Amino acid sequence: MTTTLVIGGTGKTGSRVAARLLNLGTDVRIGSRTGAPAFDWDDDATWAPALDGVDSAYICYYPDISFPGAASRIAAFAGTAVAGGVRRLVLLSGRGEPDAVPGEDGVRDSGAKWTVLRCAWFAQNFSEHFLLQPVLDGVIALPAGDIAEPFLDTEDVADVAVAALTQERHAGRTYELTGPRLLTFADAAAELTRATRRQIRYLPISAEDYAGAAAEAGVPAEEIEPLSELFTRILDGHNAHLTDDIERVLGRRPRDFADYAHDAAATGVWSKAGETEGSLR
Ligand SMILES: NC(=O)c1ccc[n+]([C@@H]2O[C@H](COP(=O)([O-])OP(=O)(O)OC[C@H]3O[C@@H](n4cnc5c(N)ncnc54)[C@H](OP(=O)(O)O)[C@@H]3O)[C@@H](O)[C@H]2O)c1
């Protein structure tokens, strides 16, 4: 039996990758600060114990592959992994992000068989991450203007990651993964309004106002500037196009944002305590 280390195995993509591998009968080790043994990107002494006996790894860097320090840590981790006998690495990356490329190169140059997954903006940011509270509050304020983004379901990311971890033909490939449809953030808010039957609107704001609001919301100071810069870089229109890489890897179309919103609403994640389900305010 092969053992796969799934870094970020409790997060939006890693948890889904781990579940699929377990279903396939693969031995899975969760790589996160709460894993056993613990894995921490900020403590390289945790890397070798987490890699012990591992054949392949899904690499999800936290907080963001384009942030300062990410590339050197990913390269160092990939080196440790290959020295310890890991033969296959699948890296989660960002689409249209020049600052993510050095991190990707650390995996490409590691000597392992590699696959890079350059991903569009995750749909699950609205239900499992920093946009959950704004959706609950009914106002999604972002410095995104009227830019369109092909929101990507992390269920699709996980399907592609597992294909890359288990099928030879994906070695040495860099995929660009997008959803099947371009939506502005106003379009996304309209889909969320339909799915939740509560009024949710998009409010375009400046990068400066976003940084101020993030600080007030308690986002760590060292993450605010790179986060604002990231939004400015990826939401300038250059990513407003679709790819067919998911269809080429999986033989089916990616999941639509409306289906994501419908299924996420059914879990109750957007239901506020004490509110009557189905009221459109
Ligand atoms: N969000 C998007 O739309 C998007 C799009 C494209 C690419 N990406 C890329 O995806 C990657 C992950 O971002 P995400 O937003 O999807 O997050 P995520 O995977 O949902 O992040 C949470 C995961 O990271 C783990 N984690 C947090 N701090 C850690 C640390 N210091 N060491 C080890 N594990 C740690 C968490 O587990 P514990 O708390 O248990 O440690 C959890 O498993 C980033 O590199 C980002 O660039 C994101």
# chains A, B, ... in the order shown; residues from 1 in each chain; ligands from 1
>>> select_by_dssp(residues="stretch 81-253 of chain A", states="alpha helix (DSSP H)", output="NGL selection string")
:A and (81-83 or 101-108 or 125-128 or 132-137 or 154-166 or 185-196 or 207-216 or 221-234 or 245-250)
>>> write_last_selection(atoms="C-alpha atoms", output="short mmCIF file (atom, residue, chain, number, x, y, z; two decimals), in the first residue's frame")
data_model
loop_
_atom_site.label_atom_id
_atom_site.label_comp_id
_atom_site.auth_asym_id
_atom_site.auth_seq_id
_atom_site.Cartn_x
_atom_site.Cartn_y
_atom_site.Cartn_z
CA ALA A 81 10.64 14.84 0.63
CA VAL A 82 12.72 13.51 -2.26
CA ALA A 83 15.71 12.82 0.03
CA VAL A 101 5.96 30.47 -10.18
CA PRO A 102 9.10 30.31 -7.97
CA GLY A 103 7.21 28.04 -5.56
CA GLU A 104 6.16 25.84 -8.48
CA ASP A 105 9.76 25.64 -9.69
CA GLY A 106 10.86 24.27 -6.31
CA VAL A 107 8.66 21.25 -7.00
CA ARG A 108 9.57 20.99 -10.71
CA ASN A 125 -14.14 30.78 -0.17
CA PHE A 126 -17.79 31.83 0.23
CA SER A 127 -18.71 28.96 2.57
CA GLU A 128 -15.52 27.65 4.21
CA LEU A 132 -18.37 33.09 4.88
CA GLN A 133 -19.02 35.89 7.36
CA PRO A 134 -19.64 38.49 4.61
CA VAL A 135 -22.19 36.12 3.02
CA LEU A 136 -23.87 35.70 6.42
CA ASP A 137 -23.85 39.50 6.81
CA THR A 154 -12.71 22.44 -4.77
CA GLU A 155 -14.51 19.13 -5.43
CA ASP A 156 -13.07 19.42 -8.96
CA VAL A 157 -9.63 20.38 -7.64
CA ALA A 158 -9.65 17.24 -5.49
CA ASP A 159 -10.69 15.02 -8.41
CA VAL A 160 -7.83 16.40 -10.52
CA ALA A 161 -5.33 16.15 -7.63
CA VAL A 162 -6.20 12.50 -7.05
CA ALA A 163 -5.86 11.78 -10.77
CA ALA A 164 -2.42 13.42 -10.68
CA LEU A 165 -1.43 11.43 -7.59
CA THR A 166 -2.51 8.11 -9.06
CA PHE A 185 -18.72 39.09 -7.99
CA ALA A 186 -22.14 40.68 -8.48
CA ASP A 187 -23.17 37.58 -10.49
CA ALA A 188 -21.81 35.36 -7.71
CA ALA A 189 -23.77 37.34 -5.10
CA ALA A 190 -26.92 36.89 -7.22
CA GLU A 191 -26.35 33.11 -7.33
CA LEU A 192 -25.83 33.09 -3.55
CA THR A 193 -29.03 35.13 -3.12
CA ARG A 194 -30.92 32.56 -5.20
CA ALA A 195 -29.44 29.60 -3.30
CA THR A 196 -29.88 31.03 0.21
CA ALA A 207 -7.73 47.92 -2.13
CA GLU A 208 -6.99 50.46 0.62
CA ASP A 209 -10.49 50.13 2.09
CA TYR A 210 -10.19 46.36 1.89
CA ALA A 211 -6.89 46.44 3.80
CA GLY A 212 -8.48 48.64 6.49
CA ALA A 213 -11.46 46.32 6.85
CA ALA A 214 -9.18 43.25 7.00
CA ALA A 215 -7.18 44.83 9.83
CA GLU A 216 -10.39 45.57 11.73
CA ALA A 221 -0.89 42.37 10.01
CA GLU A 222 1.79 40.55 7.99
CA GLU A 223 -0.88 39.01 5.73
CA ILE A 224 -2.82 42.19 4.92
CA GLU A 225 -0.44 43.79 2.43
CA PRO A 226 0.31 40.60 0.45
CA LEU A 227 -3.41 39.78 0.47
CA SER A 228 -4.41 43.20 -0.90
CA GLU A 229 -1.62 42.97 -3.49
CA LEU A 230 -2.78 39.49 -4.45
CA PHE A 231 -6.34 40.70 -5.10
CA THR A 232 -5.05 43.62 -7.15
CA ARG A 233 -2.89 41.26 -9.23
CA ILE A 234 -5.34 38.43 -9.85
CA ASP A 245 -8.06 21.35 -18.46
CA ILE A 246 -10.61 19.84 -16.05
CA GLU A 247 -12.50 18.31 -18.97
CA ARG A 248 -9.25 16.97 -20.44
CA VAL A 249 -8.16 15.40 -17.13
CA LEU A 250 -11.52 14.15 -15.85
#
>>> closest_atom_pairs(of="chain A", to="ligand 1", cutoff="8 Å", atoms="only C-alpha atoms and all ligand atoms", output="tab-separated table")
residue	atom	partner	partner_atom_place_in_ligand_line	distance
A:Ile7	CA	ligand 1	34 (N)	6.5
A:Gly8	CA	ligand 1	43 (O)	3.2
A:Gly9	CA	ligand 1	43 (O)	4.7
A:Thr10	CA	ligand 1	43 (O)	3.7
A:Gly11	CA	ligand 1	20 (O)	3.5
A:Lys12	CA	ligand 1	20 (O)	3.9
A:Thr13	CA	ligand 1	19 (O)	5.7
A:Gly14	CA	ligand 1	19 (O)	6.1
A:Ser15	CA	ligand 1	43 (O)	7.3
A:Gly31	CA	ligand 1	34 (N)	6.5
A:Ser32	CA	ligand 1	41 (O)	4.0
A:Arg33	CA	ligand 1	41 (O)	3.6
A:Thr34	CA	ligand 1	40 (O)	4.2
A:Gly35	CA	ligand 1	40 (O)	6.6
A:Phe39	CA	ligand 1	33 (C)	5.4
A:Asp40	CA	ligand 1	32 (N)	3.5
A:Trp41	CA	ligand 1	32 (N)	4.0
A:Asp42	CA	ligand 1	31 (N)	5.4
A:Asp43	CA	ligand 1	31 (N)	8.0
A:Cys60	CA	ligand 1	11 (C)	5.1
A:Tyr61	CA	ligand 1	45 (O)	4.1
A:Tyr62	CA	ligand 1	45 (O)	5.0
A:Pro63	CA	ligand 1	44 (C)	5.4
A:Asp64	CA	ligand 1	47 (O)	3.5
A:Ile65	CA	ligand 1	45 (O)	3.9
A:Ser66	CA	ligand 1	47 (O)	6.1
A:Phe67	CA	ligand 1	47 (O)	8.0
A:Leu92	CA	ligand 1	10 (O)	5.9
A:Ser93	CA	ligand 1	7 (C)	5.0
A:Gly94	CA	ligand 1	7 (C)	4.1
A:Arg95	CA	ligand 1	6 (C)	6.5
A:Ala100	CA	ligand 1	47 (O)	7.7
A:Arg118	CA	ligand 1	6 (C)	6.8
A:Cys119	CA	ligand 1	6 (C)	4.4
A:Ala120	CA	ligand 1	6 (C)	5.3
A:Trp121	CA	ligand 1	3 (O)	3.7
A:Phe122	CA	ligand 1	3 (O)	3.8
A:Ala123	CA	ligand 1	3 (O)	7.1
A:Gln124	CA	ligand 1	3 (O)	7.6
A:Asn125	CA	ligand 1	1 (N)	5.9
A:Glu128	CA	ligand 1	20 (O)	7.5
A:His129	CA	ligand 1	20 (O)	6.9
>>> select_by_dssp(residues="stretch 50-221 of chain A", states="strand (DSSP E)", output="PyMOL selection string")
chain A and resi 56-59+88-94+113-119+139-142+148-149+173-177+183-184+201-204
>>> closest_residue(among="A:Lys113, A:Arg169, A:Arg87, A:His262", to="A:Thr2", atoms="only C-alpha atoms")
A:Arg87
>>> residues_around(residues="A:Leu22", least_positions_apart="3", cutoff="12 Å", atoms="only C-alpha atoms", output="compact mmCIF listing (two decimals) with N, CA, C and O atoms, in the first residue's frame")
# COMPACT_ATOMS: atom_id res chain seq x y z
N MET A 1 0.84 -1.20 0.00
CA MET A 1 0.00 0.00 0.00
C MET A 1 0.88 1.26 0.00
O MET A 1 1.90 1.30 0.68
N THR A 2 0.45 2.27 -0.77
CA THR A 2 1.23 3.52 -0.78
C THR A 2 0.67 4.47 0.29
O THR A 2 -0.50 4.42 0.65
N THR A 3 1.57 5.31 0.79
CA THR A 3 1.17 6.31 1.78
C THR A 3 1.31 7.69 1.16
O THR A 3 2.36 8.03 0.60
N THR A 4 0.26 8.48 1.26
CA THR A 4 0.27 9.83 0.70
C THR A 4 0.12 10.84 1.82
O THR A 4 -0.82 10.75 2.64
N LEU A 5 1.05 11.79 1.87
CA LEU A 5 0.94 12.90 2.80
C LEU A 5 0.08 13.98 2.14
O LEU A 5 0.40 14.43 1.04
N VAL A 6 -1.01 14.36 2.78
CA VAL A 6 -1.89 15.40 2.24
C VAL A 6 -1.73 16.64 3.11
O VAL A 6 -2.31 16.74 4.19
N GLY A 9 -4.55 18.92 4.86
CA GLY A 9 -5.55 17.84 4.77
C GLY A 9 -6.83 18.10 5.55
O GLY A 9 -7.77 17.29 5.47
N SER A 15 -8.87 18.31 2.47
CA SER A 15 -9.83 17.39 3.12
C SER A 15 -10.53 16.54 2.06
O SER A 15 -10.80 15.35 2.28
N ARG A 16 -10.77 17.15 0.90
CA ARG A 16 -11.46 16.41 -0.17
C ARG A 16 -10.50 15.44 -0.86
O ARG A 16 -10.91 14.35 -1.28
N VAL A 17 -9.23 15.83 -0.99
CA VAL A 17 -8.23 14.91 -1.55
C VAL A 17 -8.09 13.70 -0.62
O VAL A 17 -8.10 12.54 -1.07
N ALA A 18 -7.97 13.97 0.68
CA ALA A 18 -7.79 12.87 1.65
C ALA A 18 -8.98 11.91 1.61
O ALA A 18 -8.79 10.68 1.61
N ALA A 19 -10.19 12.46 1.55
CA ALA A 19 -11.39 11.59 1.55
C ALA A 19 -11.39 10.68 0.32
O ALA A 19 -11.70 9.49 0.40
N GLY A 25 -8.61 3.33 -0.92
CA GLY A 25 -7.83 2.37 -0.14
C GLY A 25 -6.39 2.79 0.08
O GLY A 25 -5.55 1.97 0.49
N THR A 26 -6.07 4.05 -0.22
CA THR A 26 -4.71 4.55 0.00
C THR A 26 -4.52 4.91 1.46
O THR A 26 -5.45 5.39 2.11
N ASP A 27 -3.30 4.69 1.95
CA ASP A 27 -2.97 5.12 3.30
C ASP A 27 -2.72 6.63 3.26
O ASP A 27 -1.90 7.10 2.47
N VAL A 28 -3.44 7.38 4.08
CA VAL A 28 -3.36 8.85 4.04
C VAL A 28 -2.83 9.37 5.36
O VAL A 28 -3.27 8.94 6.44
N ARG A 29 -1.87 10.30 5.27
CA ARG A 29 -1.42 11.01 6.46
C ARG A 29 -1.77 12.49 6.29
O ARG A 29 -1.44 13.10 5.27
N ILE A 30 -2.45 13.05 7.25
CA ILE A 30 -2.84 14.47 7.19
C ILE A 30 -1.65 15.33 7.60
O ILE A 30 -1.09 15.15 8.69
N VAL A 162 -6.28 13.95 -7.24
CA VAL A 162 -6.20 12.50 -7.05
C VAL A 162 -5.80 11.82 -8.36
O VAL A 162 -4.99 10.88 -8.36
>>> closest_residue(among="A:Trp114, A:Phe130, A:Tyr58, A:Trp270", to="A:Ile200", atoms="only C-alpha atoms")
A:Trp270
>>> atom_distance(atom1="atom CA of A:Pro254", atom2="atom CA of A:Leu177")
8.9 Å
>>> atom_distance(atom1="atom CA of A:Leu235", atom2="atom CA of A:Ile147")
6.3 Å
>>> closest_residue(among="A:Ala70, A:Gly268, A:Ser206, A:Arg198", to="A:Gly138", atoms="only C-alpha atoms")
A:Arg198
>>> closest_residue(among="A:Ser110, A:Thr115, A:Asn239, A:Gln199", to="A:Tyr175", atoms="only C-alpha atoms")
A:Thr115
